[in-house]
Structures are given as structure tokens and as C-alpha cells.
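S.K.: Sharing a structure, written as C-alpha cells. Questions coming.
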Amino acid sequence: MANQGSERRASISRKTNETDIQLTFGVDGTGVSELETDVPFLNHMLDLFTKHGQFDLKVTAKGDIEIDDHHTVEDIGICLGQTLREALGDKRGIKRYANVFIPMDEALAQVVIDVSNRPHFEYRAEYPSSQVGSFSTEMVHEFLWKLALEARITLHVIVHYGQNTHHMIEAVFKALGRALDEATSIDPRVTGVPSTKGVL
Ligand SMILES: [Mn+2]
């Protein structure tokens, strides 16, 4: 893993018996993603996340999807979390908190973030369907939980309502992008790190 200079950007190469992943994440990007994974629905969600967060994201992932997409989705969450943490460095000048609601037609999702250096994940979501295409909706929990854990952020995700599972998950990933963008944005009034402890 390498934080690339003064830019808030980091890369990781992670290989296990289950997956082989190269991922680069930039906090201050242009909203453009390059995604090569064998999980099309996750590609769709990461594309939205990147666009709405104005990040840069490049992912190349090979995984044991002959079993199922579990390891690939989980491990991309791990890699994204680790690069996010690395890219933010000492978190100097960031807003730290964000609370974002995003509608997607009939669905409403809320994502609340504290870039706290304390991993915590709360998730309230009940989907009408357990699958979107070949994607298991239970993997949304796995992905977000590993992201929060490895990024060491406090992440609360609430899907208030909705009828279409695709819409509901899409609203979550858009809200995640917007909330993470706001929480990591630099507030010029903040000197040092935004914590009375003096460190995050
Ligand atoms: Mn869609």
C-alpha cells in the first residue's frame, strides 16, 4: 500500500487464495471509475459511488466467483477501506461528519458518517428481494461493514423505505458517495484535525 505524495490518493495490491485485487482510490477526483470485476451489479454501484463522491476509483479484481461473489465483494470492500484510510492520512482540515439522504424514485436511503478512526457500522435495511440479478443483497452488508472496519469510520446506513431492491441499493451507494465526499472535504476554517483530542 502506498499513499502517493501530497495527493489524497492511495493504491493497494492484495492477493489471497480467494481473490487478487488491485485498487486505486483518490478522494479528490473527477468522478471517473475504471472497474474490472466479475460482479456486474457491484461495478454499477461503485460507478455511482465514484460519480457522486467525485472520487477516482480503479479496480481490477479476480475472484473465486465459481463459488459465489462473496469473497470478491467482501475483499473489494476491504481494499477500498484500506486505501480510503491511507489516502486521508492525518485527516487534517476535514469536515469529519456528514448526513446525506438520497431518493431513487420511490426509495429513500440515508448515510451518516463520522471519519472517527473508530470503526462502527449500523445498518437498517430490509429489501423486498434477496437477489438483484445474480447479486445477493446480503452482500451489501458485507461490503459496507468491511469498508467501515478497514477505513476506521463510523458508518450508519438506513434504508427508510422502497419497493424496488435495485433502487434501494442504488440510493445507498449514491448516499455513501455524497456523504463520504462531504465528510472528507476540507473546511478552510478547521485548523489541524477536527477533534478536541487533537488527533483522529
Ligand atoms: Mn441502476
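Ligands are numbered from 1 in the order shown, chains are lettered A, B, ... in the order of the C-alpha cells, and residues start at 1 in each chain.
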For Val132 (chain A), work out the shell of residues within 10 Å, counting only C-alpha atoms and skipping chain neighbours fewer than 4 positions away, then give it as a ChimeraX atom specification.
M.R.: /A:41,136-137,164-166,169
S.K.: Would you save the residues from that selection as a PDB file, in the first residue's frame, using N, CA, C and O atoms?
M.R.:
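Wrote it out as selection15.pdb, contents follow:
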ATOM      1  N   PHE A  41     -23.209  -6.070 -10.895  1.00  0.00           N
ATOM      2  CA  PHE A  41     -24.010  -5.162 -10.056  1.00  0.00           C
ATOM      3  C   PHE A  41     -23.120  -4.323  -9.149  1.00  0.00           C
ATOM      4  O   PHE A  41     -23.381  -3.130  -8.932  1.00  0.00           O
ATOM      5  N   SER A 136     -26.408 -11.151  -4.518  1.00  0.00           N
ATOM      6  CA  SER A 136     -27.170 -11.359  -3.275  1.00  0.00           C
ATOM      7  C   SER A 136     -27.190 -10.063  -2.475  1.00  0.00           C
ATOM      8  O   SER A 136     -26.138  -9.499  -2.176  1.00  0.00           O
ATOM      9  N   THR A 137     -28.390  -9.620  -2.120  1.00  0.00           N
ATOM     10  CA  THR A 137     -28.499  -8.329  -1.428  1.00  0.00           C
ATOM     11  C   THR A 137     -27.836  -8.365  -0.053  1.00  0.00           C
ATOM     12  O   THR A 137     -27.454  -7.325   0.471  1.00  0.00           O
ATOM     13  N   ASN A 164     -38.474  -1.220  -4.818  1.00  0.00           N
ATOM     14  CA  ASN A 164     -37.616  -1.874  -5.797  1.00  0.00           C
ATOM     15  C   ASN A 164     -36.216  -2.016  -5.209  1.00  0.00           C
ATOM     16  O   ASN A 164     -35.573  -1.022  -4.854  1.00  0.00           O
ATOM     17  N   THR A 165     -35.745  -3.248  -5.098  1.00  0.00           N
ATOM     18  CA  THR A 165     -34.482  -3.516  -4.404  1.00  0.00           C
ATOM     19  C   THR A 165     -33.301  -2.842  -5.098  1.00  0.00           C
ATOM     20  O   THR A 165     -32.415  -2.291  -4.447  1.00  0.00           O
ATOM     21  N   HIS A 166     -33.297  -2.858  -6.434  1.00  0.00           N
ATOM     22  CA  HIS A 166     -32.240  -2.178  -7.199  1.00  0.00           C
ATOM     23  C   HIS A 166     -32.211  -0.682  -6.838  1.00  0.00           C
ATOM     24  O   HIS A 166     -31.149  -0.124  -6.546  1.00  0.00           O
ATOM     25  N   ILE A 169     -30.797  -0.120  -3.158  1.00  0.00           N
ATOM     26  CA  ILE A 169     -29.337  -0.276  -3.010  1.00  0.00           C
ATOM     27  C   ILE A 169     -28.616   0.848  -3.750  1.00  0.00           C
ATOM     28  O   ILE A 169     -27.600   1.374  -3.282  1.00  0.00           O
TER      29      ILE A 169
END
S.K.: Mind checking which residues fall within 12 Å of Glu66 (chain A), counting only C-alpha atoms, ignoring those fewer than 3 positions away in the same chain, and posting them as a list in words?
M.R.: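 Near neighbours after the sequence-gap exclusion: Glu18, Thr19, Asp38, Val39, Lys62, Gly63, Asp69, His70, His71 and Thr72 of chain A.
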S.K.: Excluding region 85-99 of chain A and residues on its chain fewer than 2 positions from it, collect all residues at most 6 Å away from it, counting only C-alpha atoms, and give them as a short mmCIF file (atom, residue, chain, number, x, y, z; two decimals) with all heavy atoms, in the first residue's frame.
M.R.:
data_model
loop_
_atom_site.label_atom_id
_atom_site.label_comp_id
_atom_site.auth_asym_id
_atom_site.auth_seq_id
_atom_site.Cartn_x
_atom_site.Cartn_y
_atom_site.Cartn_z
N ASN A 3 0.58 5.65 -0.07
CA ASN A 3 -0.05 6.96 -0.22
C ASN A 3 0.84 7.76 -1.16
O ASN A 3 2.01 7.93 -0.92
CB ASN A 3 -0.15 7.66 1.14
CG ASN A 3 -0.87 9.00 1.03
OD1 ASN A 3 -0.65 9.74 0.09
ND2 ASN A 3 -1.72 9.30 1.97
N ARG A 8 -4.39 13.19 -1.95
CA ARG A 8 -5.14 12.26 -1.10
C ARG A 8 -5.58 11.06 -1.95
O ARG A 8 -6.70 10.98 -2.44
CB ARG A 8 -6.32 12.97 -0.45
CG ARG A 8 -5.85 14.09 0.49
CD ARG A 8 -6.95 14.52 1.42
NE ARG A 8 -8.10 15.08 0.72
CZ ARG A 8 -9.25 15.39 1.31
NH1 ARG A 8 -9.42 15.19 2.60
NH2 ARG A 8 -10.25 15.90 0.60
N ARG A 9 -4.64 10.15 -2.12
CA ARG A 9 -4.82 9.04 -3.05
C ARG A 9 -3.98 7.88 -2.54
O ARG A 9 -2.89 8.10 -1.98
CB ARG A 9 -4.33 9.51 -4.43
CG ARG A 9 -4.17 8.48 -5.50
CD ARG A 9 -3.71 9.14 -6.78
NE ARG A 9 -4.76 9.93 -7.38
CZ ARG A 9 -5.66 9.45 -8.25
NH1 ARG A 9 -5.59 8.20 -8.67
NH2 ARG A 9 -6.60 10.21 -8.74
N ALA A 10 -4.47 6.67 -2.71
CA ALA A 10 -3.68 5.51 -2.29
C ALA A 10 -4.01 4.31 -3.17
O ALA A 10 -5.10 4.22 -3.76
CB ALA A 10 -3.96 5.17 -0.82
N GLN A 82 -9.14 0.27 3.17
CA GLN A 82 -7.73 0.49 3.49
C GLN A 82 -7.15 1.66 2.71
O GLN A 82 -6.39 2.47 3.24
CB GLN A 82 -6.93 -0.79 3.23
CG GLN A 82 -7.24 -1.89 4.25
CD GLN A 82 -6.37 -3.13 4.09
OE1 GLN A 82 -5.55 -3.23 3.20
NE2 GLN A 82 -6.59 -4.08 4.99
N THR A 83 -7.53 1.78 1.44
CA THR A 83 -7.00 2.90 0.64
C THR A 83 -7.62 4.23 1.08
O THR A 83 -6.95 5.26 1.08
CB THR A 83 -7.23 2.70 -0.87
OG1 THR A 83 -8.60 2.41 -1.11
CG2 THR A 83 -6.35 1.59 -1.42
N VAL A 111 -27.31 8.00 4.72
CA VAL A 111 -25.99 7.57 5.16
C VAL A 111 -25.40 8.66 6.05
O VAL A 111 -25.35 9.83 5.66
CB VAL A 111 -25.05 7.29 3.96
CG1 VAL A 111 -23.62 7.05 4.45
CG2 VAL A 111 -25.54 6.08 3.17
N VAL A 112 -25.01 8.27 7.25
CA VAL A 112 -24.42 9.19 8.23
C VAL A 112 -23.01 8.70 8.55
O VAL A 112 -22.82 7.52 8.88
CB VAL A 112 -25.27 9.26 9.51
CG1 VAL A 112 -24.72 10.34 10.45
CG2 VAL A 112 -26.73 9.50 9.19
N ILE A 113 -22.05 9.61 8.41
CA ILE A 113 -20.63 9.23 8.54
C ILE A 113 -19.94 10.11 9.56
O ILE A 113 -20.18 11.31 9.64
CB ILE A 113 -19.92 9.37 7.17
CG1 ILE A 113 -20.33 8.23 6.24
CG2 ILE A 113 -18.39 9.39 7.33
CD1 ILE A 113 -19.73 8.32 4.86
N ASP A 114 -19.06 9.48 10.34
CA ASP A 114 -18.07 10.19 11.15
C ASP A 114 -16.72 9.58 10.80
O ASP A 114 -16.51 8.38 11.02
CB ASP A 114 -18.39 10.02 12.65
CG ASP A 114 -17.33 10.65 13.55
OD1 ASP A 114 -16.43 11.34 13.04
OD2 ASP A 114 -17.43 10.44 14.78
N VAL A 115 -15.84 10.38 10.24
CA VAL A 115 -14.48 9.88 9.94
C VAL A 115 -13.70 9.93 11.26
O VAL A 115 -12.95 10.85 11.54
CB VAL A 115 -13.81 10.70 8.83
CG1 VAL A 115 -12.43 10.14 8.49
CG2 VAL A 115 -14.68 10.72 7.58
N ALA A 151 -11.58 1.25 6.92
CA ALA A 151 -11.35 2.70 6.83
C ALA A 151 -11.32 3.32 8.23
O ALA A 151 -10.92 4.46 8.38
CB ALA A 151 -12.44 3.36 5.99
N ALA A 179 -21.99 11.38 1.03
CA ALA A 179 -21.65 11.57 2.45
C ALA A 179 -20.14 11.51 2.65
O ALA A 179 -19.56 12.32 3.39
CB ALA A 179 -22.35 10.53 3.30
N GLU A 182 -18.55 14.70 1.39
CA GLU A 182 -18.71 15.85 2.29
C GLU A 182 -17.85 15.69 3.55
O GLU A 182 -17.16 16.62 3.97
CB GLU A 182 -20.18 16.01 2.68
CG GLU A 182 -20.41 17.27 3.49
CD GLU A 182 -21.86 17.44 3.92
OE1 GLU A 182 -22.76 16.91 3.24
OE2 GLU A 182 -22.08 18.11 4.95
N ALA A 183 -17.85 14.51 4.15
CA ALA A 183 -17.11 14.29 5.41
C ALA A 183 -15.61 14.43 5.21
O ALA A 183 -14.89 14.82 6.13
CB ALA A 183 -17.44 12.91 5.97
N THR A 184 -15.12 14.12 4.01
CA THR A 184 -13.68 14.18 3.75
C THR A 184 -13.26 15.51 3.12
O THR A 184 -12.08 15.73 2.89
CB THR A 184 -13.22 13.04 2.82
OG1 THR A 184 -13.92 13.14 1.57
CG2 THR A 184 -13.47 11.69 3.44
N SER A 185 -14.24 16.38 2.85
CA SER A 185 -13.89 17.64 2.21
C SER A 185 -13.19 18.57 3.22
O SER A 185 -13.40 18.48 4.42
CB SER A 185 -15.12 18.31 1.60
OG SER A 185 -16.01 18.70 2.62
N ILE A 186 -12.35 19.43 2.68
CA ILE A 186 -11.55 20.32 3.53
C ILE A 186 -12.36 21.57 3.86
O ILE A 186 -12.90 22.23 2.98
CB ILE A 186 -10.25 20.72 2.79
CG1 ILE A 186 -9.42 19.49 2.42
CG2 ILE A 186 -9.44 21.71 3.63
CD1 ILE A 186 -8.86 18.72 3.59
N ASP A 187 -12.49 21.85 5.16
CA ASP A 187 -13.12 23.08 5.64
C ASP A 187 -12.00 24.06 5.99
O ASP A 187 -11.24 23.81 6.93
CB ASP A 187 -13.98 22.76 6.87
CG ASP A 187 -14.72 23.99 7.38
OD1 ASP A 187 -14.32 25.13 7.04
OD2 ASP A 187 -15.69 23.81 8.13
N VAL A 190 -11.14 24.96 9.57
CA VAL A 190 -10.60 23.96 10.50
C VAL A 190 -9.08 24.04 10.50
O VAL A 190 -8.45 23.92 9.45
CB VAL A 190 -11.04 22.53 10.11
CG1 VAL A 190 -10.38 21.49 11.01
CG2 VAL A 190 -12.55 22.40 10.16
N THR A 191 -8.50 24.25 11.68
CA THR A 191 -7.05 24.17 11.79
C THR A 191 -6.71 22.86 12.49
O THR A 191 -7.30 22.52 13.51
CB THR A 191 -6.48 25.35 12.58
OG1 THR A 191 -7.15 25.41 13.84
CG2 THR A 191 -6.65 26.65 11.82
N GLY A 192 -5.79 22.12 11.93
CA GLY A 192 -5.45 20.81 12.49
C GLY A 192 -6.54 19.80 12.24
O GLY A 192 -7.27 19.88 11.24
N VAL A 193 -6.71 18.85 13.15
CA VAL A 193 -7.74 17.83 12.97
C VAL A 193 -8.98 18.21 13.78
O VAL A 193 -8.85 18.78 14.87
CB VAL A 193 -7.23 16.42 13.40
CG1 VAL A 193 -6.11 15.97 12.49
CG2 VAL A 193 -6.79 16.38 14.84
#
S.K.: List every residue of chain A that DSSP, applied to the backbone of this structure, places in strand (DSSP E or B), and write the result as a VMD selection string.
M.R.: chain A and resid 2 to 3 9 to 15 19 to 26 32 to 36 56 to 63 94 97 to 104 107 to 114 120 to 124 131 to 132 135 to 136 154 to 161 186
S.K.: With C-alpha atoms retained, could you export that selection as a tab-separated table (two decimals), in the first residue's frame?
M.R.:
chain	number	residue	atom	x	y	z
A	2	ALA	CA	1.26	3.46	-0.86
A	3	ASN	CA	-0.05	6.96	-0.22
A	9	ARG	CA	-4.82	9.04	-3.05
A	10	ALA	CA	-3.68	5.51	-2.29
A	11	SER	CA	-3.22	2.17	-4.02
A	12	ILE	CA	-3.25	-1.41	-2.84
A	13	SER	CA	-2.43	-4.78	-4.32
A	14	ARG	CA	-3.92	-7.64	-2.30
A	15	LYS	CA	-3.73	-11.31	-3.22
A	19	THR	CA	-9.10	-13.03	-4.62
A	20	ASP	CA	-6.48	-10.96	-6.43
A	21	ILE	CA	-7.24	-7.24	-6.31
A	22	GLN	CA	-5.53	-4.06	-7.45
A	23	LEU	CA	-7.30	-0.90	-6.35
A	24	THR	CA	-6.50	2.82	-6.51
A	25	PHE	CA	-8.70	5.34	-4.73
A	26	GLY	CA	-8.45	9.13	-4.93
A	32	VAL	CA	-14.45	8.63	-13.07
A	33	SER	CA	-14.16	4.91	-12.38
A	34	GLU	CA	-12.43	2.06	-14.20
A	35	LEU	CA	-13.89	-1.17	-12.94
A	36	GLU	CA	-12.89	-4.65	-13.96
A	56	ASP	CA	-11.30	8.44	-8.67
A	57	LEU	CA	-11.56	4.67	-8.45
A	58	LYS	CA	-9.77	1.98	-10.38
A	59	VAL	CA	-10.40	-1.67	-9.53
A	60	THR	CA	-9.11	-4.83	-11.13
A	61	ALA	CA	-10.40	-7.89	-9.29
A	62	LYS	CA	-10.19	-11.59	-9.99
A	63	GLY	CA	-12.00	-13.80	-7.52
A	94	ILE	CA	-11.60	17.65	7.08
A	97	TYR	CA	-19.19	14.44	9.72
A	98	ALA	CA	-21.87	14.12	7.06
A	99	ASN	CA	-25.52	13.14	6.89
A	100	VAL	CA	-26.99	12.58	3.43
A	101	PHE	CA	-30.43	11.47	2.24
A	102	ILE	CA	-30.80	10.31	-1.35
A	103	PRO	CA	-34.07	9.35	-3.05
A	104	MET	CA	-34.20	7.00	-6.00
A	107	ALA	CA	-36.79	4.53	-2.35
A	108	LEU	CA	-35.12	6.69	0.32
A	109	ALA	CA	-31.68	5.96	1.81
A	110	GLN	CA	-29.72	7.82	4.48
A	111	VAL	CA	-25.99	7.57	5.16
A	112	VAL	CA	-24.42	9.19	8.23
A	113	ILE	CA	-20.63	9.23	8.54
A	114	ASP	CA	-18.07	10.19	11.15
A	120	HIS	CA	-18.50	1.12	13.79
A	121	PHE	CA	-21.28	0.01	11.46
A	122	GLU	CA	-25.05	0.25	11.89
A	123	TYR	CA	-27.33	-0.99	9.14
A	124	ARG	CA	-31.10	-0.87	8.87
A	131	GLN	CA	-31.27	-11.05	-5.26
A	132	VAL	CA	-30.65	-8.33	-7.81
A	135	PHE	CA	-26.11	-10.39	-6.80
A	136	SER	CA	-27.17	-11.36	-3.28
A	154	THR	CA	-18.35	5.26	11.91
A	155	LEU	CA	-20.94	4.40	9.26
A	156	HIS	CA	-24.71	4.33	9.72
A	157	VAL	CA	-26.80	3.22	6.74
A	158	ILE	CA	-30.58	3.35	6.84
A	159	VAL	CA	-32.93	2.45	4.01
A	160	HIS	CA	-36.12	4.14	5.16
A	161	TYR	CA	-38.42	2.64	2.54
A	186	ILE	CA	-11.55	20.32	3.53
S.K.: Around ligand 1, at most 8 Å away and counting only C-alpha atoms and all ligand atoms, which residues are there? Put them as a list in words, please.
M.R.: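 Based on only C-alpha atoms and all ligand atoms, ligand 1 is surrounded within 8 Å by His44, Met45, His166, His167 and Glu170 of chain A.
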S.K.: Keeping only N, CA and C atoms, write those residues as an mmCIF file, in the first residue's frame.
M.R.:
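Wrote it out as again_34.cif, contents follow:
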data_model
loop_
_atom_site.group_PDB
_atom_site.id
_atom_site.type_symbol
_atom_site.label_atom_id
_atom_site.label_comp_id
_atom_site.auth_asym_id
_atom_site.auth_seq_id
_atom_site.Cartn_x
_atom_site.Cartn_y
_atom_site.Cartn_z
ATOM 1 N N HIS A 44 -21.700 -1.515 -11.153
ATOM 2 C CA HIS A 44 -22.727 -0.476 -11.290
ATOM 3 C C HIS A 44 -22.765 0.398 -10.029
ATOM 4 N N MET A 45 -22.724 -0.230 -8.857
ATOM 5 C CA MET A 45 -22.799 0.523 -7.599
ATOM 6 C C MET A 45 -21.525 1.341 -7.360
ATOM 7 N N HIS A 166 -33.297 -2.858 -6.434
ATOM 8 C CA HIS A 166 -32.240 -2.178 -7.199
ATOM 9 C C HIS A 166 -32.211 -0.682 -6.838
ATOM 10 N N HIS A 167 -33.362 -0.046 -6.814
ATOM 11 C CA HIS A 167 -33.436 1.372 -6.451
ATOM 12 C C HIS A 167 -32.922 1.618 -5.038
ATOM 13 N N GLU A 170 -29.144 1.224 -4.891
ATOM 14 C CA GLU A 170 -28.554 2.334 -5.639
ATOM 15 C C GLU A 170 -28.574 3.624 -4.807
#
S.K.: Quote the spacing between CA of Leu48 (chain A) and CA of Glu142 (chain A) in Å to one decimal place.
M.R.: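 So the two atoms, CA of Leu48 (chain A) and CA of Glu142 (chain A), lie 18.3 Å apart.
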S.K.: Report the distance between CA of Asn117 (chain A) and CA of Ile153 (chain A) in Å, rounded to one decimal place.
M.R.: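 Answer for the CA of Asn117 (chain A) to CA of Ile153 (chain A) separation: 5.5 Å.
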S.K.: Under the rule that only C-alpha atoms are counted, which of A:Ala125, A:Thr37, A:Val199, A:Ser130 is the nearest residue to Ala171 (chain A)?
M.R.: A:Ala125
S.K.: When distances are computed from only C-alpha atoms, which of A:Ser129, A:Ser116, A:Thr16, A:Ser195 shows the smallest separation from Arg152 (chain A)?
M.R.: A:Ser116
S.K.: How far is it from CA of Tyr127 (chain A) to CA of Gly53 (chain A), in Å with one decimal?
M.R.: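 So the answer is 24.2 Å.
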S.K.: DSSP on the backbone, then: every residue of region 20-197 of chain A marked helix (DSSP H, G or I), written as a PyMOL selection string.
M.R.: chain A and resi 40-53+70-88+138-151+165-184
S.K.: Between A:Glu150, A:Asp47, A:Asp181, A:Glu126, which residue has the minimum interatomic distance to Gly77 (chain A), considering only C-alpha atoms?
M.R.: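 Closest to Gly77 (chain A), using only C-alpha atoms: A:Glu150.
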S.K.: Residues near Phe49 (chain A), anyone? I mean within 9 Å using only C-alpha atoms, not counting same-chain ones fewer than 2 positions away, as a PDB file with N, CA and C atoms, in the first residue's frame.
M.R.:
ATOM      1  N   GLY A  31     -14.687  11.886 -10.523  1.00  0.00           N
ATOM      2  CA  GLY A  31     -15.911  11.099 -10.624  1.00  0.00           C
ATOM      3  C   GLY A  31     -15.845   9.988 -11.646  1.00  0.00           C
ATOM      4  N   HIS A  44     -21.700  -1.515 -11.153  1.00  0.00           N
ATOM      5  CA  HIS A  44     -22.727  -0.476 -11.290  1.00  0.00           C
ATOM      6  C   HIS A  44     -22.765   0.398 -10.029  1.00  0.00           C
ATOM      7  N   MET A  45     -22.724  -0.230  -8.857  1.00  0.00           N
ATOM      8  CA  MET A  45     -22.799   0.523  -7.599  1.00  0.00           C
ATOM      9  C   MET A  45     -21.525   1.341  -7.360  1.00  0.00           C
ATOM     10  N   LEU A  46     -20.361   0.776  -7.667  1.00  0.00           N
ATOM     11  CA  LEU A  46     -19.096   1.509  -7.457  1.00  0.00           C
ATOM     12  C   LEU A  46     -18.969   2.667  -8.443  1.00  0.00           C
ATOM     13  N   ASP A  47     -19.534   2.505  -9.613  1.00  0.00           N
ATOM     14  CA  ASP A  47     -19.556   3.583 -10.603  1.00  0.00           C
ATOM     15  C   ASP A  47     -20.377   4.766 -10.070  1.00  0.00           C
ATOM     16  N   LYS A  51     -18.942   8.480  -9.005  1.00  0.00           N
ATOM     17  CA  LYS A  51     -19.503   9.654  -9.682  1.00  0.00           C
ATOM     18  C   LYS A  51     -20.036  10.662  -8.669  1.00  0.00           C
ATOM     19  N   HIS A  52     -20.833  10.174  -7.732  1.00  0.00           N
ATOM     20  CA  HIS A  52     -21.496  11.089  -6.803  1.00  0.00           C
ATOM     21  C   HIS A  52     -20.568  11.573  -5.691  1.00  0.00           C
ATOM     22  N   GLY A  53     -19.470  10.869  -5.470  1.00  0.00           N
ATOM     23  CA  GLY A  53     -18.487  11.324  -4.496  1.00  0.00           C
ATOM     24  C   GLY A  53     -17.375  12.154  -5.108  1.00  0.00           C
ATOM     25  N   GLN A  54     -17.385  12.286  -6.441  1.00  0.00           N
ATOM     26  CA  GLN A  54     -16.287  12.985  -7.142  1.00  0.00           C
ATOM     27  C   GLN A  54     -14.929  12.397  -6.741  1.00  0.00           C
ATOM     28  N   PHE A  55     -14.898  11.067  -6.694  1.00  0.00           N
ATOM     29  CA  PHE A  55     -13.655  10.361  -6.400  1.00  0.00           C
ATOM     30  C   PHE A  55     -13.028   9.896  -7.710  1.00  0.00           C
ATOM     31  N   GLU A 170     -29.144   1.224  -4.891  1.00  0.00           N
ATOM     32  CA  GLU A 170     -28.554   2.334  -5.639  1.00  0.00           C
ATOM     33  C   GLU A 170     -28.574   3.624  -4.807  1.00  0.00           C
ATOM     34  N   VAL A 172     -28.457   3.797  -1.610  1.00  0.00           N
ATOM     35  CA  VAL A 172     -27.433   3.628  -0.565  1.00  0.00           C
ATOM     36  C   VAL A 172     -26.057   4.022  -1.098  1.00  0.00           C
ATOM     37  N   PHE A 173     -25.697   3.541  -2.274  1.00  0.00           N
ATOM     38  CA  PHE A 173     -24.347   3.800  -2.796  1.00  0.00           C
ATOM     39  C   PHE A 173     -24.175   5.259  -3.239  1.00  0.00           C
ATOM     40  N   LYS A 174     -25.238   5.869  -3.749  1.00  0.00           N
ATOM     41  CA  LYS A 174     -25.160   7.296  -4.061  1.00  0.00           C
ATOM     42  C   LYS A 174     -25.005   8.115  -2.778  1.00  0.00           C
ATOM     43  N   ALA A 175     -25.781   7.771  -1.768  1.00  0.00           N
ATOM     44  CA  ALA A 175     -25.701   8.492  -0.488  1.00  0.00           C
ATOM     45  C   ALA A 175     -24.330   8.280   0.151  1.00  0.00           C
ATOM     46  N   LEU A 176     -23.792   7.088   0.024  1.00  0.00           N
ATOM     47  CA  LEU A 176     -22.454   6.809   0.552  1.00  0.00           C
ATOM     48  C   LEU A 176     -21.409   7.698  -0.128  1.00  0.00           C
ATOM     49  N   GLY A 177     -21.487   7.818  -1.438  1.00  0.00           N
ATOM     50  CA  GLY A 177     -20.555   8.667  -2.171  1.00  0.00           C
ATOM     51  C   GLY A 177     -20.668  10.120  -1.753  1.00  0.00           C
ATOM     52  N   ARG A 178     -21.890  10.622  -1.682  1.00  0.00           N
ATOM     53  CA  ARG A 178     -22.110  12.028  -1.309  1.00  0.00           C
ATOM     54  C   ARG A 178     -21.674  12.299   0.135  1.00  0.00           C
TER      55      ARG A 178
END
